[in-house]
$ cat upload.pdb   # PDB, C-alpha atoms, pLDDT in the B column
ATOM      1  CA  MET A   1     -16.027  -2.376  48.265  1.00 47.00           C
ATOM      2  CA  ALA A   2     -17.861   0.925  48.760  1.00 51.00           C
ATOM      3  CA  ASP A   3     -15.428   1.765  51.554  1.00 55.00           C
ATOM      4  CA  ILE A   4     -12.407   1.122  49.323  1.00 56.00           C
ATOM      5  CA  ILE A   5     -13.332   3.115  46.191  1.00 52.00           C
ATOM      6  CA  ASP A   6     -13.847   6.852  46.505  1.00 58.00           C
ATOM      7  CA  PRO A   7     -17.188   7.977  45.063  1.00 57.00           C
ATOM      8  CA  LEU A   8     -16.934   9.963  41.830  1.00 57.00           C
ATOM      9  CA  ASP A   9     -19.041  12.782  43.265  1.00 59.00           C
ATOM     10  CA  LYS A  10     -16.814  13.265  46.329  1.00 62.00           C
ATOM     11  CA  PHE A  11     -15.899  16.899  46.943  1.00 60.00           C
ATOM     12  CA  SER A  12     -12.260  17.683  46.286  1.00 62.00           C
ATOM     13  CA  THR A  13     -10.054  20.019  48.288  1.00 61.00           C
ATOM     14  CA  TYR A  14     -10.530  22.699  45.613  1.00 62.00           C
ATOM     15  CA  LYS A  15     -11.378  26.078  47.111  1.00 63.00           C
ATOM     16  CA  ASP A  16     -11.402  29.607  45.751  1.00 67.00           C
ATOM     17  CA  SER A  17      -8.243  31.085  47.290  1.00 65.00           C
ATOM     18  CA  GLN A  18      -9.898  34.493  47.632  1.00 66.00           C
ATOM     19  CA  ALA A  19     -13.130  33.234  49.208  1.00 68.00           C
ATOM     20  CA  SER A  20     -13.639  34.531  52.744  1.00 70.00           C
ATOM     21  CA  ALA A  21     -15.940  31.699  53.915  1.00 73.00           C
ATOM     22  CA  ASP A  22     -14.569  28.926  56.121  1.00 77.00           C
ATOM     23  CA  ARG A  23     -14.416  25.285  54.992  1.00 76.00           C
ATOM     24  CA  GLN A  24     -17.704  24.298  56.634  1.00 83.00           C
ATOM     25  CA  THR A  25     -19.554  27.154  54.928  1.00 85.00           C
ATOM     26  CA  GLN A  26     -17.900  26.183  51.650  1.00 84.00           C
ATOM     27  CA  LEU A  27     -19.154  22.598  51.984  1.00 85.00           C
ATOM     28  CA  THR A  28     -22.681  23.825  52.674  1.00 88.00           C
ATOM     29  CA  LEU A  29     -22.607  25.917  49.487  1.00 88.00           C
ATOM     30  CA  LEU A  30     -21.158  23.049  47.444  1.00 90.00           C
ATOM     31  CA  ARG A  31     -23.946  20.661  48.483  1.00 91.00           C
ATOM     32  CA  LYS A  32     -26.444  22.800  46.577  1.00 92.00           C
ATOM     33  CA  SER A  33     -24.200  24.389  43.952  1.00 94.00           C
ATOM     34  CA  ALA A  34     -25.069  24.186  40.265  1.00 95.00           C
ATOM     35  CA  THR A  35     -21.706  25.558  39.094  1.00 96.00           C
ATOM     36  CA  LEU A  36     -18.646  23.635  37.937  1.00 96.00           C
ATOM     37  CA  TYR A  37     -15.076  24.879  37.799  1.00 96.00           C
ATOM     38  CA  VAL A  38     -13.233  23.287  34.851  1.00 96.00           C
ATOM     39  CA  GLY A  39      -9.434  23.354  34.803  1.00 95.00           C
ATOM     40  CA  ASN A  40      -6.480  22.240  32.659  1.00 95.00           C
ATOM     41  CA  LEU A  41      -8.146  23.374  29.443  1.00 96.00           C
ATOM     42  CA  SER A  42      -6.159  24.150  26.318  1.00 96.00           C
ATOM     43  CA  PHE A  43      -5.923  27.849  25.493  1.00 95.00           C
ATOM     44  CA  TYR A  44      -7.411  26.925  22.109  1.00 95.00           C
ATOM     45  CA  THR A  45     -10.518  25.083  23.360  1.00 97.00           C
ATOM     46  CA  THR A  46     -13.643  26.990  22.358  1.00 97.00           C
ATOM     47  CA  GLU A  47     -16.851  27.667  24.229  1.00 97.00           C
ATOM     48  CA  GLU A  48     -18.718  25.586  21.628  1.00 97.00           C
ATOM     49  CA  GLN A  49     -16.548  22.534  22.394  1.00 97.00           C
ATOM     50  CA  ILE A  50     -17.164  22.939  26.116  1.00 97.00           C
ATOM     51  CA  TYR A  51     -20.903  23.276  25.590  1.00 97.00           C
ATOM     52  CA  GLU A  52     -21.035  20.141  23.442  1.00 96.00           C
ATOM     53  CA  LEU A  53     -19.205  18.012  26.030  1.00 96.00           C
ATOM     54  CA  PHE A  54     -20.793  19.352  29.204  1.00 96.00           C
ATOM     55  CA  SER A  55     -24.334  19.150  27.893  1.00 95.00           C
ATOM     56  CA  LYS A  56     -24.134  15.342  27.626  1.00 92.00           C
ATOM     57  CA  CYS A  57     -25.272  14.873  31.235  1.00 89.00           C
ATOM     58  CA  THR A  58     -28.061  17.449  31.211  1.00 92.00           C
ATOM     59  CA  THR A  59     -31.820  16.899  31.127  1.00 88.00           C
ATOM     60  CA  PRO A  60     -33.284  19.660  28.940  1.00 89.00           C
ATOM     61  CA  GLU A  61     -36.552  17.715  28.647  1.00 89.00           C
ATOM     62  CA  GLU A  62     -36.988  18.328  32.389  1.00 87.00           C
ATOM     63  CA  GLY A  63     -36.172  22.004  32.189  1.00 87.00           C
ATOM     64  CA  GLY A  64     -32.485  21.561  32.830  1.00 91.00           C
ATOM     65  CA  GLY A  65     -29.391  22.198  30.747  1.00 94.00           C
ATOM     66  CA  ILE A  66     -26.486  24.584  30.681  1.00 96.00           C
ATOM     67  CA  LYS A  67     -27.363  28.050  31.876  1.00 96.00           C
ATOM     68  CA  ARG A  68     -24.134  29.752  30.747  1.00 96.00           C
ATOM     69  CA  ILE A  69     -20.396  29.231  30.284  1.00 97.00           C
ATOM     70  CA  ILE A  70     -17.887  31.793  31.544  1.00 97.00           C
ATOM     71  CA  MET A  71     -14.504  31.439  29.869  1.00 97.00           C
ATOM     72  CA  GLY A  72     -11.426  32.169  31.943  1.00 96.00           C
ATOM     73  CA  LEU A  73      -9.442  35.042  30.426  1.00 97.00           C
ATOM     74  CA  ASP A  74      -5.955  36.458  30.677  1.00 94.00           C
ATOM     75  CA  ARG A  75      -6.300  39.666  32.690  1.00 94.00           C
ATOM     76  CA  ASN A  76      -4.136  41.661  30.262  1.00 94.00           C
ATOM     77  CA  THR A  77      -4.858  40.221  26.813  1.00 94.00           C
ATOM     78  CA  ARG A  78      -8.487  39.106  27.387  1.00 96.00           C
ATOM     79  CA  THR A  79      -7.742  35.791  25.661  1.00 95.00           C
ATOM     80  CA  PRO A  80      -8.596  32.294  27.040  1.00 95.00           C
ATOM     81  CA  CYS A  81      -6.112  31.099  29.653  1.00 94.00           C
ATOM     82  CA  GLY A  82      -7.128  27.521  30.393  1.00 94.00           C
ATOM     83  CA  PHE A  83     -10.183  27.376  32.691  1.00 96.00           C
ATOM     84  CA  CYS A  84     -13.905  28.121  32.738  1.00 97.00           C
ATOM     85  CA  PHE A  85     -17.073  28.009  34.806  1.00 97.00           C
ATOM     86  CA  VAL A  86     -20.125  26.018  33.665  1.00 97.00           C
ATOM     87  CA  GLU A  87     -23.444  26.938  35.284  1.00 97.00           C
ATOM     88  CA  TYR A  88     -26.378  24.499  35.205  1.00 96.00           C
ATOM     89  CA  TYR A  89     -30.008  24.847  36.135  1.00 95.00           C
ATOM     90  CA  SER A  90     -29.793  22.167  38.818  1.00 94.00           C
ATOM     91  CA  HIS A  91     -27.335  20.758  41.339  1.00 94.00           C
ATOM     92  CA  ALA A  92     -28.008  17.223  40.091  1.00 94.00           C
ATOM     93  CA  GLU A  93     -26.810  18.074  36.580  1.00 95.00           C
ATOM     94  CA  ALA A  94     -23.634  19.717  37.860  1.00 95.00           C
ATOM     95  CA  LEU A  95     -22.955  16.693  40.067  1.00 94.00           C
ATOM     96  CA  ALA A  96     -23.535  14.261  37.184  1.00 94.00           C
ATOM     97  CA  CYS A  97     -21.121  16.144  34.929  1.00 94.00           C
ATOM     98  CA  MET A  98     -18.484  16.230  37.650  1.00 93.00           C
ATOM     99  CA  LYS A  99     -18.841  12.455  38.109  1.00 92.00           C
ATOM    100  CA  TYR A 100     -18.723  11.431  34.471  1.00 94.00           C
ATOM    101  CA  ILE A 101     -16.741  14.152  32.663  1.00 95.00           C
ATOM    102  CA  SER A 102     -13.955  15.031  35.106  1.00 93.00           C
ATOM    103  CA  GLY A 103     -10.852  13.076  34.107  1.00 94.00           C
ATOM    104  CA  THR A 104     -11.872  12.709  30.471  1.00 95.00           C
ATOM    105  CA  LYS A 105     -10.067  14.259  27.510  1.00 95.00           C
ATOM    106  CA  LEU A 106     -10.953  17.450  25.666  1.00 96.00           C
ATOM    107  CA  ASP A 107      -8.583  18.669  22.949  1.00 93.00           C
ATOM    108  CA  GLU A 108      -6.185  15.874  23.962  1.00 92.00           C
ATOM    109  CA  ARG A 109      -5.988  17.166  27.529  1.00 95.00           C
ATOM    110  CA  ILE A 110      -7.278  15.519  30.701  1.00 96.00           C
ATOM    111  CA  ILE A 111      -9.616  18.094  32.215  1.00 96.00           C
ATOM    112  CA  ARG A 112     -10.499  18.492  35.890  1.00 94.00           C
ATOM    113  CA  CYS A 113     -13.968  19.389  37.168  1.00 94.00           C
ATOM    114  CA  ASP A 114     -14.960  20.499  40.666  1.00 93.00           C
ATOM    115  CA  LEU A 115     -18.134  21.841  42.179  1.00 94.00           C
ATOM    116  CA  ASP A 116     -17.759  25.561  42.758  1.00 93.00           C
ATOM    117  CA  SER A 117     -19.463  27.614  45.445  1.00 90.00           C
ATOM    118  CA  GLY A 118     -20.678  30.079  42.829  1.00 89.00           C
ATOM    119  CA  TYR A 119     -19.341  32.405  40.171  1.00 92.00           C
ATOM    120  CA  ARG A 120     -18.845  36.083  40.986  1.00 92.00           C
ATOM    121  CA  ASP A 121     -17.918  38.813  38.540  1.00 93.00           C
ATOM    122  CA  GLY A 122     -14.141  39.192  38.319  1.00 93.00           C
ATOM    123  CA  ARG A 123     -13.340  35.512  38.832  1.00 93.00           C
ATOM    124  CA  GLN A 124     -13.104  35.032  35.065  1.00 94.00           C
ATOM    125  CA  PHE A 125      -9.665  36.681  35.032  1.00 95.00           C
ATOM    126  CA  GLY A 126      -6.344  34.994  35.737  1.00 90.00           C
ATOM    127  CA  ARG A 127      -4.624  35.902  38.998  1.00 86.00           C
ATOM    128  CA  GLY A 128      -1.006  35.411  37.942  1.00 86.00           C
ATOM    129  CA  ARG A 129       1.410  38.352  37.785  1.00 86.00           C
ATOM    130  CA  SER A 130       1.560  38.114  33.986  1.00 86.00           C
ATOM    131  CA  GLY A 131      -2.257  38.027  33.655  1.00 88.00           C
ATOM    132  CA  GLY A 132      -2.835  34.274  33.268  1.00 87.00           C
ATOM    133  CA  GLN A 133      -3.282  31.555  35.863  1.00 87.00           C
ATOM    134  CA  VAL A 134      -0.869  31.262  38.770  1.00 85.00           C
ATOM    135  CA  ARG A 135       0.027  27.680  37.747  1.00 83.00           C
ATOM    136  CA  ASP A 136       1.380  28.993  34.429  1.00 85.00           C
ATOM    137  CA  GLU A 137       3.584  31.551  36.175  1.00 85.00           C
ATOM    138  CA  HIS A 138       5.918  28.960  37.671  1.00 84.00           C
ATOM    139  CA  ARG A 139       5.620  26.144  35.116  1.00 83.00           C
ATOM    140  CA  GLN A 140       9.061  25.120  33.802  1.00 83.00           C
ATOM    141  CA  ASP A 141       7.911  22.608  31.186  1.00 86.00           C
ATOM    142  CA  TYR A 142       6.902  23.381  27.598  1.00 89.00           C
ATOM    143  CA  ASP A 143       3.148  22.988  27.092  1.00 87.00           C
ATOM    144  CA  PRO A 144       1.988  23.894  23.550  1.00 89.00           C
ATOM    145  CA  GLY A 145      -1.649  23.836  24.643  1.00 88.00           C
ATOM    146  CA  ARG A 146      -1.039  26.485  27.303  1.00 89.00           C
ATOM    147  CA  GLY A 147       1.138  29.055  25.570  1.00 84.00           C
ATOM    148  CA  GLY A 148       4.457  27.177  25.470  1.00 85.00           C
ATOM    149  CA  TRP A 149       6.830  27.865  28.359  1.00 82.00           C
ATOM    150  CA  GLY A 150       5.642  29.251  31.681  1.00 72.00           C
ATOM    151  CA  ALA A 151       5.563  33.031  32.152  1.00 66.00           C
ATOM    152  CA  GLN A 152       8.705  33.205  34.299  1.00 72.00           C
ATOM    153  CA  ALA A 153      10.605  30.861  31.978  1.00 67.00           C
ATOM    154  CA  GLN A 154       9.619  33.030  28.990  1.00 66.00           C
ATOM    155  CA  ALA A 155      10.815  36.156  30.800  1.00 70.00           C
ATOM    156  CA  GLN A 156      14.167  34.514  31.564  1.00 70.00           C
ATOM    157  CA  GLN A 157      14.570  33.437  27.937  1.00 67.00           C
ATOM    158  CA  GLU A 158      13.795  36.956  26.714  1.00 72.00           C
ATOM    159  CA  GLN A 159      16.405  38.420  29.093  1.00 74.00           C
ATOM    160  CA  GLU A 160      18.965  35.928  27.814  1.00 75.00           C
ATOM    161  CA  ARG A 161      18.189  36.825  24.171  1.00 78.00           C
ATOM    162  CA  ARG A 162      18.561  40.531  25.001  1.00 80.00           C
ATOM    163  CA  ARG A 163      21.925  39.950  26.651  1.00 80.00           C
ATOM    164  CA  ASN A 164      23.098  37.957  23.630  1.00 78.00           C
ATOM    165  CA  ARG A 165      22.073  40.755  21.223  1.00 81.00           C
ATOM    166  CA  GLU A 166      23.834  43.385  23.314  1.00 78.00           C
ATOM    167  CA  GLN A 167      26.979  41.244  23.377  1.00 77.00           C
ATOM    168  CA  VAL A 168      26.899  40.851  19.585  1.00 80.00           C
ATOM    169  CA  TYR A 169      26.677  44.650  19.143  1.00 77.00           C
ATOM    170  CA  ALA A 170      29.482  45.204  21.645  1.00 76.00           C
ATOM    171  CA  ASP A 171      31.721  42.703  19.834  1.00 72.00           C
ATOM    172  CA  ALA A 172      30.978  44.359  16.472  1.00 76.00           C
ATOM    173  CA  GLN A 173      32.042  47.781  17.779  1.00 74.00           C
ATOM    174  CA  ASP A 174      35.356  46.368  18.941  1.00 70.00           C
ATOM    175  CA  VAL A 175      36.339  45.420  15.361  1.00 67.00           C
ATOM    176  CA  PRO A 176      38.724  48.048  13.763  1.00 66.00           C
ATOM    177  CA  GLY A 177      36.883  50.302  11.310  1.00 62.00           C
ATOM    178  CA  ALA A 178      33.475  48.894  12.288  1.00 59.00           C
ATOM    179  CA  VAL A 179      30.508  51.267  12.228  1.00 56.00           C
ATOM    180  CA  ALA A 180      27.886  48.841  13.625  1.00 53.00           C
ATOM    181  CA  GLY A 181      27.184  50.989  16.669  1.00 52.00           C
ATOM    182  CA  GLY A 182      25.023  53.499  14.797  1.00 50.00           C
ATOM    183  CA  GLY A 183      24.510  57.041  16.109  1.00 48.00           C
ATOM    184  CA  GLU A 184      27.486  59.329  15.407  1.00 49.00           C
ATOM    185  CA  ASP A 185      29.902  56.494  14.618  1.00 49.00           C
ATOM    186  CA  TRP A 186      29.306  56.786  10.855  1.00 45.00           C
ATOM    187  CA  LYS A 187      30.840  60.252  10.850  1.00 49.00           C
ATOM    188  CA  GLU A 188      34.132  58.808  11.973  1.00 50.00           C
ATOM    189  CA  GLY A 189      34.110  56.481   8.992  1.00 50.00           C
ATOM    190  CA  VAL A 190      33.345  59.355   6.627  1.00 48.00           C
ATOM    191  CA  SER A 191      36.108  61.568   8.074  1.00 52.00           C
ATOM    192  CA  ASN A 192      38.643  58.755   7.811  1.00 54.00           C
ATOM    193  CA  GLU A 193      37.735  58.284   4.156  1.00 54.00           C
ATOM    194  CA  ALA A 194      38.080  61.993   3.469  1.00 51.00           C
ATOM    195  CA  SER A 195      41.458  62.181   5.176  1.00 52.00           C
ATOM    196  CA  ARG A 196      42.826  59.622   2.745  1.00 55.00           C
ATOM    197  CA  LYS A 197      42.113  61.915  -0.247  1.00 53.00           C
ATOM    198  CA  ARG A 198      45.071  64.025  -1.584  1.00 55.00           C
ATOM    199  CA  GLN A 199      44.945  67.646  -0.373  1.00 57.00           C
ATOM    200  CA  ARG A 200      45.361  70.556  -2.863  1.00 57.00           C
ATOM    201  CA  SER A 201      49.005  71.825  -2.953  1.00 57.00           C
ATOM    202  CA  PRO A 202      50.574  75.206  -4.033  1.00 56.00           C
ATOM    203  CA  ASP A 203      51.900  73.472  -7.163  1.00 60.00           C
ATOM    204  CA  ASP A 204      48.290  72.784  -8.179  1.00 59.00           C
ATOM    205  CA  GLU A 205      47.536  76.531  -7.951  1.00 58.00           C
ATOM    206  CA  GLY A 206      50.646  77.371 -10.081  1.00 61.00           C
ATOM    207  CA  ASP A 207      49.543  74.951 -12.785  1.00 65.00           C
ATOM    208  CA  ASP A 208      46.126  76.606 -12.913  1.00 65.00           C
ATOM    209  CA  LEU A 209      47.729  80.062 -13.392  1.00 64.00           C
ATOM    210  CA  ARG A 210      49.947  78.824 -16.274  1.00 69.00           C
ATOM    211  CA  HIS A 211      46.916  77.280 -17.998  1.00 68.00           C
ATOM    212  CA  GLU A 212      45.058  80.583 -17.777  1.00 72.00           C
ATOM    213  CA  ARG A 213      47.983  82.541 -19.323  1.00 72.00           C
ATOM    214  CA  GLN A 214      48.328  80.089 -22.191  1.00 71.00           C
ATOM    215  CA  ALA A 215      44.642  80.295 -22.943  1.00 70.00           C
ATOM    216  CA  LYS A 216      44.730  84.124 -22.959  1.00 69.00           C
ATOM    217  CA  ARG A 217      47.749  84.210 -25.280  1.00 72.00           C
ATOM    218  CA  GLN A 218      46.104  81.830 -27.731  1.00 67.00           C
ATOM    219  CA  THR A 219      43.029  84.038 -27.756  1.00 66.00           C
ATOM    220  CA  GLU A 220      45.051  87.202 -28.567  1.00 65.00           C
ATOM    221  CA  GLU A 221      47.012  85.516 -31.403  1.00 62.00           C
ATOM    222  CA  GLY A 222      43.761  84.298 -32.922  1.00 60.00           C
ATOM    223  CA  ALA A 223      42.393  87.839 -32.907  1.00 54.00           C
TER     224      ALA A 223
END

$ encode --input "upload.pdb" --output "C-alpha cells"
Amino acid sequence: MADIIDPLDKFSTYKDSQASADRQTQLTLLRKSATLYVGNLSFYTTEEQIYELFSKCTTPEEGGGIKRIIMGLDRNTRTPCGFCFVEYYSHAEALACMKYISGTKLDERIIRCDLDSGYRDGRQFGRGRSGGQVRDEHRQDYDPGRGGWGAQAQAQQEQERRRNREQVYADAQDVPGAVAGGGEDWKEGVSNEASRKRQRSPDDEGDDLRHERQAKRQTEEGA
C-alpha cells in the first residue's frame, strides 16, 4: 500500500523559476528548509487568517512556531496578489504544515503548499507584466477571488470599450446639426443660428429717421 499512495510530504516539482541552483542542489536545500510557499490564495485573505491556519501544526511549547509571514504583493499597486511565504523555526513544522494543510480550503479556495528553498528579498513581488502573478496574466476565466478577469483579458475588454465609445462619438458627429464633437464645433451651431436672424435693411434706417423728425416736430409745437 505504501508503494501505491504518494506520501503527503513528497516534494513537488515546484521550483523558483529565477533560482540559479540545479535540481539536485534544490532538493538538498528543501530537505532542511523551514519555509513554505503558499499559492492560490484569494486577494482578500489576510495575514491574520494565514497565521491562524498555519500555526495549527506548530509546537510553540518546544520553541517552535511561525517566524514570519511574507505576503505576496502586486509589483505596481503593492496590494496582495494571491501567494505568500510562511517561515517556521524548524523544518519539521514546515513539513507537517505542508502535509496536513496543503489541499485544504481557506476563504473558500483550495490552497497549495510547497517547501521552498528559502525566501530572498524581492521574491514577494509578482513577476507578471501587469505586476501580479504570471498565472493571472493569461487566465481567461473570471475569478472574483483573484481580481476578476485575467490581466490580458481585462486589457482586451478595455480596448473594446474604448473602440465602442469612439464609434458612438463618430456616429453622433455624422448626424446633421449635431455638436457632440466638442472643440470648435459649437461655433458652427452658433453661426448657423445667427444667420437665420433677419438682417437690418435700408427701410429700417428710413423708419428711424422719420421717427426722429416726428419727435422733433412735436417738441417744437409743445414749446

$ resolve_selection --input "upload.pdb" --expression "the PyMOL selection byres ((chain A and resi 32-42) around 9)" --output "ChimeraX atom specification"
/A:28-31,43-46,80-95,97-98,102,106-119,144-147

$ resolve_selection --input "upload.pdb" --expression "the PyMOL selection byres ((chain A and resi 136) around 12)" --output "PyMOL selection string"
chain A and resi 40+43+74+81-83+126-135+137-143+145-154

$ atom_distance --input "upload.pdb" --atom1 "CA of Asn76 (chain A)" --atom2 "CA of Ala155 (chain A)"
15.9 Å

$ closest_residue --input "upload.pdb" --among "A:Arg213, A:Arg123, A:Lys105, A:Ala96" --to "Thr58 (chain A)" --atoms "all atoms listed in the file"
A:Ala96

$ atom_distance --input "upload.pdb" --atom1 "CA of Arg162 (chain A)" --atom2 "CA of Leu73 (chain A)"
29.0 Å

$ closest_residue --input "upload.pdb" --among "A:Asp174, A:Phe125, A:Thr25, A:Lys56" --to "Gly72 (chain A)" --atoms "all atoms listed in the file"
A:Phe125

$ atom_distance --input "upload.pdb" --atom1 "CA of Phe54 (chain A)" --atom2 "CA of Ile66 (chain A)"
7.9 Å

$ build_atoms --input "upload.pdb" --residues "region 154-176 of chain A" --atoms "N, CA, C and O atoms" --output "compact mmCIF listing (two decimals), in the coordinates of the input"
# COMPACT_ATOMS: atom_id res chain seq x y z
N GLN A 154 9.59 32.18 30.17
CA GLN A 154 9.62 33.03 28.99
C GLN A 154 10.36 34.33 29.27
O GLN A 154 11.12 34.81 28.42
N ALA A 155 10.13 34.91 30.45
CA ALA A 155 10.82 36.16 30.80
C ALA A 155 12.33 35.94 30.89
O ALA A 155 13.11 36.77 30.43
N GLN A 156 12.74 34.82 31.46
CA GLN A 156 14.17 34.51 31.56
C GLN A 156 14.79 34.32 30.18
O GLN A 156 15.90 34.79 29.92
N GLN A 157 14.07 33.65 29.29
CA GLN A 157 14.57 33.44 27.94
C GLN A 157 14.70 34.76 27.18
O GLN A 157 15.66 34.96 26.44
N GLU A 158 13.74 35.66 27.38
CA GLU A 158 13.80 36.96 26.71
C GLU A 158 14.98 37.78 27.23
O GLU A 158 15.66 38.45 26.45
N GLN A 159 15.25 37.72 28.53
CA GLN A 159 16.40 38.42 29.09
C GLN A 159 17.71 37.87 28.53
O GLN A 159 18.64 38.62 28.21
N GLU A 160 17.77 36.55 28.36
CA GLU A 160 18.96 35.93 27.81
C GLU A 160 19.17 36.34 26.36
O GLU A 160 20.30 36.63 25.93
N ARG A 161 18.08 36.38 25.57
CA ARG A 161 18.19 36.83 24.17
C ARG A 161 18.65 38.28 24.09
O ARG A 161 19.45 38.64 23.22
N ARG A 162 18.16 39.12 25.01
CA ARG A 162 18.56 40.53 25.00
C ARG A 162 20.04 40.68 25.33
O ARG A 162 20.76 41.47 24.70
N ARG A 163 20.50 39.90 26.31
CA ARG A 163 21.92 39.95 26.65
C ARG A 163 22.79 39.49 25.48
O ARG A 163 23.85 40.08 25.21
N ASN A 164 22.33 38.46 24.78
CA ASN A 164 23.10 37.96 23.63
C ASN A 164 23.18 39.00 22.52
O ASN A 164 24.23 39.19 21.90
N ARG A 165 22.06 39.71 22.26
CA ARG A 165 22.07 40.76 21.22
C ARG A 165 23.01 41.88 21.61
O ARG A 165 23.78 42.38 20.77
N GLU A 166 22.95 42.30 22.86
CA GLU A 166 23.83 43.38 23.31
C GLU A 166 25.30 42.98 23.21
O GLU A 166 26.15 43.80 22.86
N GLN A 167 25.61 41.71 23.48
CA GLN A 167 26.98 41.24 23.38
C GLN A 167 27.45 41.22 21.93
O GLN A 167 28.60 41.58 21.63
N VAL A 168 26.55 40.84 21.01
CA VAL A 168 26.90 40.85 19.58
C VAL A 168 27.23 42.27 19.12
O VAL A 168 28.22 42.50 18.41
N TYR A 169 26.42 43.26 19.52
CA TYR A 169 26.68 44.65 19.14
C TYR A 169 27.99 45.15 19.74
O TYR A 169 28.76 45.86 19.09
N ALA A 170 28.24 44.77 20.99
CA ALA A 170 29.48 45.20 21.64
C ALA A 170 30.69 44.61 20.94
O ALA A 170 31.70 45.29 20.71
N ASP A 171 30.62 43.34 20.55
CA ASP A 171 31.72 42.70 19.83
C ASP A 171 31.94 43.35 18.48
O ASP A 171 33.08 43.52 18.03
N ALA A 172 30.86 43.74 17.80
CA ALA A 172 30.98 44.36 16.47
C ALA A 172 31.67 45.71 16.56
O ALA A 172 32.45 46.09 15.68
N GLN A 173 31.42 46.47 17.63
CA GLN A 173 32.04 47.78 17.78
C GLN A 173 33.54 47.69 18.08
O GLN A 173 34.28 48.62 17.81
N ASP A 174 33.95 46.54 18.62
CA ASP A 174 35.36 46.37 18.94
C ASP A 174 36.21 46.06 17.71
O ASP A 174 37.44 46.16 17.77
N VAL A 175 35.59 45.74 16.58
CA VAL A 175 36.34 45.42 15.36
C VAL A 175 36.87 46.72 14.75
O VAL A 175 36.11 47.68 14.60
N PRO A 176 38.17 46.82 14.36
CA PRO A 176 38.72 48.05 13.76
C PRO A 176 37.95 48.47 12.52
O PRO A 176 37.69 47.67 11.63
